[in-house]
$ cat protein_9.txt   # compact mmCIF, C-alpha atoms and all ligand atoms
# COMPACT_ATOMS: atom_id res chain seq x y z
CA MET A 28 18.99 9.90 -3.63
CA ARG A 29 18.44 7.23 -6.24
CA GLN A 30 19.21 8.00 -9.86
CA ARG A 31 16.19 7.64 -12.09
CA ILE A 32 16.80 5.97 -15.43
CA PHE A 33 14.00 6.29 -17.98
CA VAL A 34 13.84 3.78 -20.80
CA GLY A 35 11.83 3.78 -24.01
CA ASP A 36 10.12 0.96 -25.86
CA VAL A 37 11.74 -2.43 -25.15
CA GLN A 38 9.28 -4.52 -27.21
CA GLY A 39 10.69 -7.86 -26.18
CA CYS A 40 14.35 -6.88 -26.64
CA ALA A 41 15.29 -8.42 -23.29
CA ASP A 42 19.00 -8.79 -24.08
CA GLU A 43 19.34 -5.06 -24.59
CA LEU A 44 17.31 -4.33 -21.46
CA VAL A 45 19.65 -6.58 -19.45
CA LEU A 46 22.64 -4.68 -20.86
CA LEU A 47 21.03 -1.41 -19.84
CA VAL A 48 20.35 -2.62 -16.30
CA ASP A 49 23.89 -4.01 -16.06
CA ARG A 50 25.23 -0.60 -17.05
CA ALA A 51 23.03 1.03 -14.42
CA LYS A 52 24.30 -1.39 -11.76
CA ALA A 53 27.92 -0.77 -12.76
CA ARG A 54 27.41 2.99 -12.54
CA PHE A 55 25.03 3.34 -9.58
CA GLY A 56 25.06 0.04 -7.70
CA ASP A 57 21.58 -0.45 -6.28
CA ALA A 58 20.98 3.31 -6.10
CA PHE A 59 18.84 3.62 -9.22
CA GLU A 60 15.21 3.28 -10.25
CA LEU A 61 14.20 2.10 -13.70
CA TRP A 62 11.25 4.05 -15.14
CA VAL A 63 9.81 2.11 -18.10
CA ALA A 64 7.73 4.08 -20.59
CA GLY A 65 5.59 1.17 -21.82
CA ASP A 66 5.59 -1.29 -24.72
CA VAL A 67 7.84 -3.71 -22.88
CA VAL A 68 6.28 -6.42 -25.03
CA ASN A 69 5.61 -7.41 -28.63
CA ARG A 70 7.39 -7.73 -31.96
CA GLY A 71 10.64 -8.72 -30.26
CA PRO A 72 11.95 -12.15 -29.28
CA ASP A 73 11.72 -12.29 -25.50
CA ASN A 74 8.69 -10.57 -24.02
CA ARG A 75 8.34 -12.76 -20.98
CA ARG A 76 11.94 -12.20 -19.85
CA ALA A 77 11.66 -8.45 -20.38
CA LEU A 78 8.47 -8.35 -18.29
CA GLU A 79 10.04 -10.45 -15.53
CA LEU A 80 12.98 -8.05 -15.28
CA VAL A 81 10.69 -5.01 -15.08
CA ARG A 82 8.39 -6.70 -12.57
CA GLY A 83 11.33 -7.67 -10.38
CA LEU A 84 12.46 -4.06 -10.15
CA LEU A 85 8.92 -2.85 -9.46
CA GLU A 86 8.40 -5.38 -6.71
CA SER A 87 11.66 -4.40 -5.05
CA GLY A 88 10.49 -0.78 -5.07
CA ARG A 89 13.04 0.25 -7.68
CA GLY A 90 10.95 0.62 -10.79
CA ARG A 91 7.99 2.39 -12.33
CA TYR A 92 6.09 1.27 -15.38
CA VAL A 93 3.27 2.62 -17.52
CA LEU A 94 1.21 0.62 -20.00
CA GLY A 95 1.69 1.08 -23.72
CA ASN A 96 -0.47 0.16 -26.67
CA HIS A 97 1.22 -3.22 -26.99
CA GLU A 98 0.32 -4.14 -23.41
CA ILE A 99 -3.26 -3.04 -24.15
CA HIS A 100 -3.16 -5.19 -27.30
CA LEU A 101 -2.02 -8.12 -25.16
CA LEU A 102 -4.99 -7.56 -22.83
CA LEU A 103 -7.39 -7.35 -25.79
CA VAL A 104 -6.09 -10.68 -27.12
CA ALA A 105 -6.20 -12.24 -23.65
CA PHE A 106 -9.84 -11.19 -23.25
CA GLY A 107 -10.76 -12.56 -26.67
CA LEU A 108 -11.50 -9.09 -28.04
CA ARG A 109 -8.87 -9.22 -30.76
CA ASP A 110 -6.99 -11.94 -32.63
CA LEU A 111 -3.25 -12.35 -32.53
CA ALA A 112 -1.80 -10.54 -35.53
CA ARG A 113 0.75 -12.09 -37.84
CA ASN A 114 3.58 -10.06 -36.38
CA ASP A 115 2.65 -10.46 -32.72
CA SER A 116 5.25 -12.22 -30.61
CA ILE A 117 3.41 -12.17 -27.28
CA GLY A 118 2.66 -15.88 -27.36
CA ASP A 119 5.47 -16.41 -24.87
CA VAL A 120 3.38 -14.49 -22.33
CA LEU A 121 -0.12 -15.57 -23.37
CA GLY A 122 0.77 -19.23 -23.87
CA ALA A 123 2.41 -19.70 -20.49
CA PRO A 124 0.66 -21.69 -17.73
CA ASP A 125 0.57 -18.55 -15.59
CA ALA A 126 -0.73 -16.29 -18.35
CA THR A 127 -3.83 -15.33 -16.36
CA GLU A 128 -1.70 -14.13 -13.48
CA TRP A 129 0.41 -12.02 -15.87
CA VAL A 130 -2.71 -10.57 -17.46
CA ASP A 131 -4.05 -9.60 -14.03
CA TRP A 132 -0.70 -8.05 -13.10
CA LEU A 133 -0.52 -6.08 -16.33
CA ARG A 134 -4.04 -4.71 -16.12
CA SER A 135 -3.29 -3.38 -12.64
CA ARG A 136 -0.41 -1.21 -13.88
CA ALA A 137 -0.49 2.57 -14.17
CA LEU A 138 -1.08 4.68 -17.27
CA VAL A 139 0.67 7.72 -15.80
CA GLU A 140 3.54 7.92 -13.32
CA PRO A 141 4.26 11.36 -11.85
CA GLY A 142 7.37 12.53 -10.06
CA VAL A 143 9.68 15.46 -9.40
CA ILE A 144 13.21 15.80 -10.79
CA ALA A 145 15.43 18.45 -9.25
CA GLY A 146 12.37 20.42 -8.19
CA GLN A 147 10.56 20.13 -11.52
CA PRO A 148 7.30 18.12 -11.66
CA PHE A 149 6.90 15.68 -14.51
CA ALA A 150 4.97 12.62 -15.60
CA MET A 151 5.76 9.54 -17.65
CA VAL A 152 3.13 8.32 -20.13
CA HIS A 153 3.51 5.94 -23.06
CA ALA A 154 2.35 8.02 -26.03
CA ALA A 155 0.91 11.42 -25.20
CA SER A 156 -1.01 13.73 -22.96
CA HIS A 157 -3.90 15.90 -24.13
CA PRO A 158 -2.37 19.28 -25.04
CA ASP A 159 -4.76 21.06 -22.65
CA TRP A 160 -4.42 18.78 -19.65
CA SER A 161 -2.59 20.01 -16.58
CA LEU A 162 -0.33 17.57 -14.77
CA GLU A 163 -3.09 17.09 -12.18
CA ARG A 164 -5.65 16.33 -14.88
CA LEU A 165 -3.34 13.87 -16.62
CA CYS A 166 -2.79 12.05 -13.34
CA GLU A 167 -6.52 12.02 -12.56
CA VAL A 168 -7.35 10.57 -15.96
CA GLY A 169 -4.56 8.01 -15.67
CA SER A 170 -5.80 6.88 -12.26
CA ALA A 171 -9.40 6.66 -13.46
CA VAL A 172 -8.43 4.48 -16.43
CA GLN A 173 -6.25 2.31 -14.23
CA ALA A 174 -9.17 1.76 -11.86
CA ARG A 175 -11.37 0.61 -14.76
CA LEU A 176 -8.75 -1.85 -15.98
CA ALA A 177 -7.80 -3.19 -12.57
CA GLY A 178 -11.32 -4.03 -11.38
CA GLU A 179 -13.31 -7.22 -11.83
CA ARG A 180 -12.26 -9.13 -14.94
CA ASP A 181 -15.67 -8.82 -16.58
CA ALA A 182 -15.76 -5.09 -15.96
CA ALA A 183 -12.24 -4.64 -17.31
CA ARG A 184 -13.14 -6.65 -20.39
CA ALA A 185 -16.29 -4.58 -20.92
CA PHE A 186 -14.28 -1.37 -20.61
CA LEU A 187 -11.74 -2.54 -23.18
CA ALA A 188 -14.54 -3.64 -25.50
CA LEU A 189 -16.05 -0.15 -25.62
CA PRO A 190 -15.69 1.80 -28.86
CA ALA A 191 -13.36 4.74 -28.28
CA ASP A 192 -16.16 7.25 -28.88
CA ALA A 193 -18.51 5.60 -26.41
CA ASP A 194 -16.71 6.53 -23.22
CA PRO A 195 -14.38 9.45 -22.45
CA LEU A 196 -12.08 7.26 -20.38
CA ARG A 197 -11.83 4.63 -23.13
CA ASP A 198 -10.90 7.43 -25.50
CA ALA A 199 -8.36 8.73 -22.98
CA LEU A 200 -6.79 5.26 -22.78
CA GLY A 201 -6.31 5.37 -26.54
CA ARG A 202 -4.86 8.86 -26.43
CA MET A 203 -2.40 8.07 -23.65
CA THR A 204 -1.15 4.88 -25.30
CA ARG A 205 -1.42 5.53 -29.06
CA CYS A 206 -1.65 9.23 -29.95
CA ARG A 207 0.92 10.83 -32.26
CA SER A 208 -1.00 13.69 -33.83
CA VAL A 209 -3.78 16.09 -32.89
CA ALA A 210 -6.13 18.48 -34.64
CA SER A 211 -6.99 21.97 -33.45
CA ASP A 212 -10.52 20.80 -32.58
CA GLY A 213 -9.21 18.25 -30.08
CA ARG A 214 -9.34 15.10 -32.22
CA TRP A 215 -6.33 12.80 -31.97
CA SER A 216 -4.86 10.11 -34.17
CA SER A 217 -2.26 7.39 -33.92
CA ALA A 218 -1.09 8.25 -37.44
CA ASP A 219 1.98 10.31 -38.15
CA PRO A 220 0.97 13.95 -38.49
CA ALA A 221 -0.29 15.14 -41.88
CA PRO A 222 -1.99 18.53 -42.28
CA PRO A 223 -4.19 19.67 -40.66
CA MET A 224 -2.97 17.33 -37.95
CA ARG A 225 0.32 18.05 -36.21
CA PRO A 226 2.46 16.38 -33.56
CA TRP A 227 0.66 16.23 -30.24
CA HIS A 228 3.71 17.68 -28.51
CA ALA A 229 3.75 20.73 -30.81
CA ALA A 230 0.29 21.63 -29.51
CA TRP A 231 1.29 20.68 -25.97
CA ALA A 232 4.41 22.88 -26.07
CA GLU A 233 2.33 25.95 -26.98
CA ARG A 234 0.48 25.75 -23.66
CA SER A 235 3.62 26.60 -21.65
CA HIS A 236 2.98 23.84 -19.14
CA GLY A 237 5.25 24.02 -16.15
CA PHE A 238 5.86 20.27 -16.01
CA GLY A 239 7.87 17.78 -18.02
CA LEU A 240 6.74 14.71 -19.93
CA VAL A 241 8.68 11.53 -20.61
CA TYR A 242 7.18 9.33 -23.28
CA GLY A 243 7.90 6.65 -25.89
CA HIS A 244 5.86 5.12 -28.72
CA TRP A 245 7.21 7.04 -31.70
CA ALA A 246 10.14 5.12 -33.19
CA ARG A 247 9.86 6.82 -36.58
CA GLN A 248 10.30 10.16 -34.84
CA GLY A 249 13.19 8.81 -32.78
CA LEU A 250 14.85 10.52 -29.86
CA HIS A 251 13.06 13.74 -29.00
CA ALA A 252 14.68 16.19 -26.60
CA ALA A 253 12.82 19.50 -26.50
CA PRO A 254 11.99 21.87 -23.63
CA GLY A 255 9.85 19.86 -21.20
CA LEU A 256 9.81 16.78 -23.44
CA ARG A 257 11.83 13.60 -23.61
CA GLY A 258 10.68 11.07 -26.21
CA LEU A 259 12.70 7.89 -25.85
CA ASP A 260 11.48 5.36 -28.43
CA THR A 261 14.41 4.73 -30.75
CA GLY A 262 13.04 1.48 -32.13
CA CYS A 263 15.38 -1.21 -30.82
CA VAL A 264 13.09 -3.86 -32.29
CA HIS A 265 13.04 -2.09 -35.65
CA HIS A 266 16.75 -2.75 -36.16
CA GLY A 267 17.19 -3.66 -39.82
CA ARG A 268 14.30 -1.49 -40.94
CA GLY A 269 16.54 0.69 -43.09
CA ARG A 270 18.32 2.00 -40.02
CA ASP A 271 19.93 0.99 -36.78
CA GLY A 272 17.74 0.29 -33.79
CA PHE A 273 18.74 0.87 -30.21
CA LEU A 274 17.34 1.11 -26.75
CA THR A 275 17.54 4.62 -25.30
CA ALA A 276 17.64 5.62 -21.67
CA TRP A 277 17.52 9.09 -20.20
CA VAL A 278 19.63 9.61 -17.09
CA PRO A 279 18.70 13.12 -15.91
CA ASP A 280 20.42 15.30 -13.36
CA GLU A 281 18.72 14.59 -10.06
CA SER A 282 20.01 17.74 -8.36
CA PRO A 283 19.30 21.35 -9.32
CA ALA A 284 22.15 22.79 -11.35
CA ALA A 285 24.07 25.71 -9.84
CA ASP A 286 23.31 27.79 -12.93
CA GLY A 287 19.57 27.23 -12.60
CA ARG A 288 19.44 24.84 -15.53
CA ARG A 289 16.68 22.27 -15.16
CA SER A 290 16.59 18.60 -16.11
CA PHE A 291 14.01 19.11 -18.87
CA ASP A 292 15.93 21.99 -20.47
CA VAL A 293 17.89 21.52 -23.70
CA PRO A 294 20.47 20.83 -24.95
CA ASP A 295 20.81 17.58 -23.07
CA ASP A 296 23.30 14.80 -23.61
CA ARG A 297 22.40 12.58 -20.66
CA PHE A 298 21.26 9.66 -22.79
CA TRP A 299 22.49 6.09 -22.93
CA HIS A 300 22.13 4.16 -26.15
CA ILE A 301 22.22 0.38 -26.19
CA PRO A 302 22.58 -0.83 -29.79
CA ALA A 303 20.36 -3.70 -30.87
CA ARG A 304 22.38 -6.87 -30.51
CA ARG A 305 21.05 -8.23 -33.79
CA ARG A 306 18.63 -7.59 -36.57
CA TYR A 307 14.97 -7.94 -35.64
CA TYR A 308 13.30 -6.68 -38.80
CA PHE A 309 12.93 -9.12 -41.68
CA PRO A 310 10.56 -7.76 -44.31
CA GLU A 311 11.04 -10.88 -46.44
CA ALA A 312 9.61 -12.92 -43.59
CA GLY A 313 6.67 -10.65 -42.99
CA GLY A 314 8.54 -7.94 -41.12
CA LEU A 315 7.05 -5.85 -38.41
CA ASP A 316 4.25 -3.41 -38.20
CA ASP A 317 4.41 -0.68 -35.62
MN MN A 401 3.74 2.17 -28.52

$ encode --input "protein_9.txt" --output "structure tokens"
Amino acid sequence: MRQRIFVGDVQGCADELVLLVDRAKARFGDAFELWVAGDVVNRGPDNRRALELVRGLLESGRGRYVLGNHEIHLLLVAFGLRDLARNDSIGDVLGAPDATEWVDWLRSRALVEPGVIAGQPFAMVHAASHPDWSLERLCEVGSAVQARLAGERDAARAFLALPADADPLRDALGRMTRCRSVASDGRWSSADPAPPMRPWHAAWAERSHGFGLVYGHWARQGLHAAPGLRGLDTGCVHHGRGRDGFLTAWVPDESPAADGRRSFDVPDDRFWHIPARRRYYFPEAGGLDD
């Protein structure tokens, strides 16, 4: 059985991703799969190299990858639907001679990747699931959005150009890649929770879902290990933003424990932390937005 290694937001921190993969090779040889929770690109120095590493593992059948809001932003810029922002660093992807091929590869990626760890079903998604969605529903919605993005270029562009409230699937794309907080009436927001909004996973946890979720996207929250939940964005690219940044991987038990303990139970110390190799956040130079 191959060990699954889940990694949070890389955001162009290719050096740290290489260190993580080297550690995985040293520990497991070729017997591991890298599951990448999205936002491989943007803000950091080396988006193209990070993408190439992830793509190489996917194409050798040893990786999974879901799109994050920064990949969606890249697609929006590529389709002329949004301008590059001051803090965007994705020019190394979009300015390359083969940019169109990369854009087509990215827009064919998944939004949701399901699996089973030690008998327990789970899914990986970049930001959030709807609190009410079953695992089956989450996977259905993810597949439907993926189909819209992966179709003809004009159709994909038209889908991305839709206002979020114009199409349930366009709204679902936003929720899966950007949501941090939810209201009791079902509304969601990318903002940090402020009353009456609360963390999406607080509402999700109340539903007693029988599956686990691995996600990223929330560097200000940091590492989140709660029953059924593993949030892995520890803001490697935000190193220097008043705190240390690092890349976090979750290396769960792949076999059922003799005592009945499951991989998504807590406490859990099966995390690897790769410290940022240097400072990436320079507020005097314009700094970084999220
Ligand atoms: Mn994100």

$ closest_residue --input "protein_9.txt" --among "A:Arg89, A:Arg82, A:Arg175, A:Arg70" --to "A:Arg29" --atoms "all atoms listed in the file"
A:Arg89

$ closest_residue --input "protein_9.txt" --among "A:Gly142, A:Pro195, A:Gly56, A:Gly95" --to "ligand MN 401 (chain A)" --atoms "all atoms listed in the file"
A:Gly95

$ residues_near_ligand --input "protein_9.txt" --ligand "ligand MN 401 (chain A)" --cutoff "12 Å" --atoms "all atoms listed in the file" --output "PyMOL selection string"
chain A and resi 35-38+64-70+93-100+152-155+201-207+217-218+242-247+258-262+264+316-317

$ residues_around --input "protein_9.txt" --residues "A:Phe59" --least-positions-apart "2" --cutoff "6 Å" --atoms "only C-alpha atoms" --output "ChimeraX atom specification"
/A:29-31,57

$ closest_residue --input "protein_9.txt" --among "A:Ala105, A:Ser116, A:Glu60, A:Ser135" --to "A:Ala174" --atoms "only C-alpha atoms"
A:Ser135

$ closest_residue --input "protein_9.txt" --among "A:Asp280, A:Asp125, A:Glu233, A:Glu179" --to "A:Phe33" --atoms "only C-alpha atoms"
A:Asp280

$ residues_near_point --input "protein_9.txt" --point "(15.6, 22.5, -21.4)" --cutoff "6 Å" --atoms "only C-alpha atoms" --output "number ranges by chain"
A: 254, 291-293

$ write_last_selection --input "protein_9.txt" --atoms "C-alpha atoms" --output "mmCIF file, in the frame of the given file"
data_model
loop_
_atom_site.group_PDB
_atom_site.id
_atom_site.type_symbol
_atom_site.label_atom_id
_atom_site.label_comp_id
_atom_site.auth_asym_id
_atom_site.auth_seq_id
_atom_site.Cartn_x
_atom_site.Cartn_y
_atom_site.Cartn_z
ATOM 1 C CA PRO A 254 11.990 21.870 -23.630
ATOM 2 C CA PHE A 291 14.010 19.110 -18.870
ATOM 3 C CA ASP A 292 15.930 21.990 -20.470
ATOM 4 C CA VAL A 293 17.890 21.520 -23.700
#

$ residues_around --input "protein_9.txt" --residues "A:Ser170" --least-positions-apart "4" --cutoff "9 Å" --atoms "only C-alpha atoms" --output "PyMOL selection string"
chain A and resi 137-139+165-166+174-175

$ residues_around --input "protein_9.txt" --residues "A:Ile144" --least-positions-apart "4" --cutoff "7 Å" --atoms "only C-alpha atoms" --output "PDB file with C-alpha atoms, in the coordinates of the input"
ATOM      1  CA  PRO A 148       7.300  18.120 -11.660  1.00  0.00           C
ATOM      2  CA  GLU A 281      18.720  14.590 -10.060  1.00  0.00           C
ATOM      3  CA  SER A 290      16.590  18.600 -16.110  1.00  0.00           C
TER       4      SER A 290
END
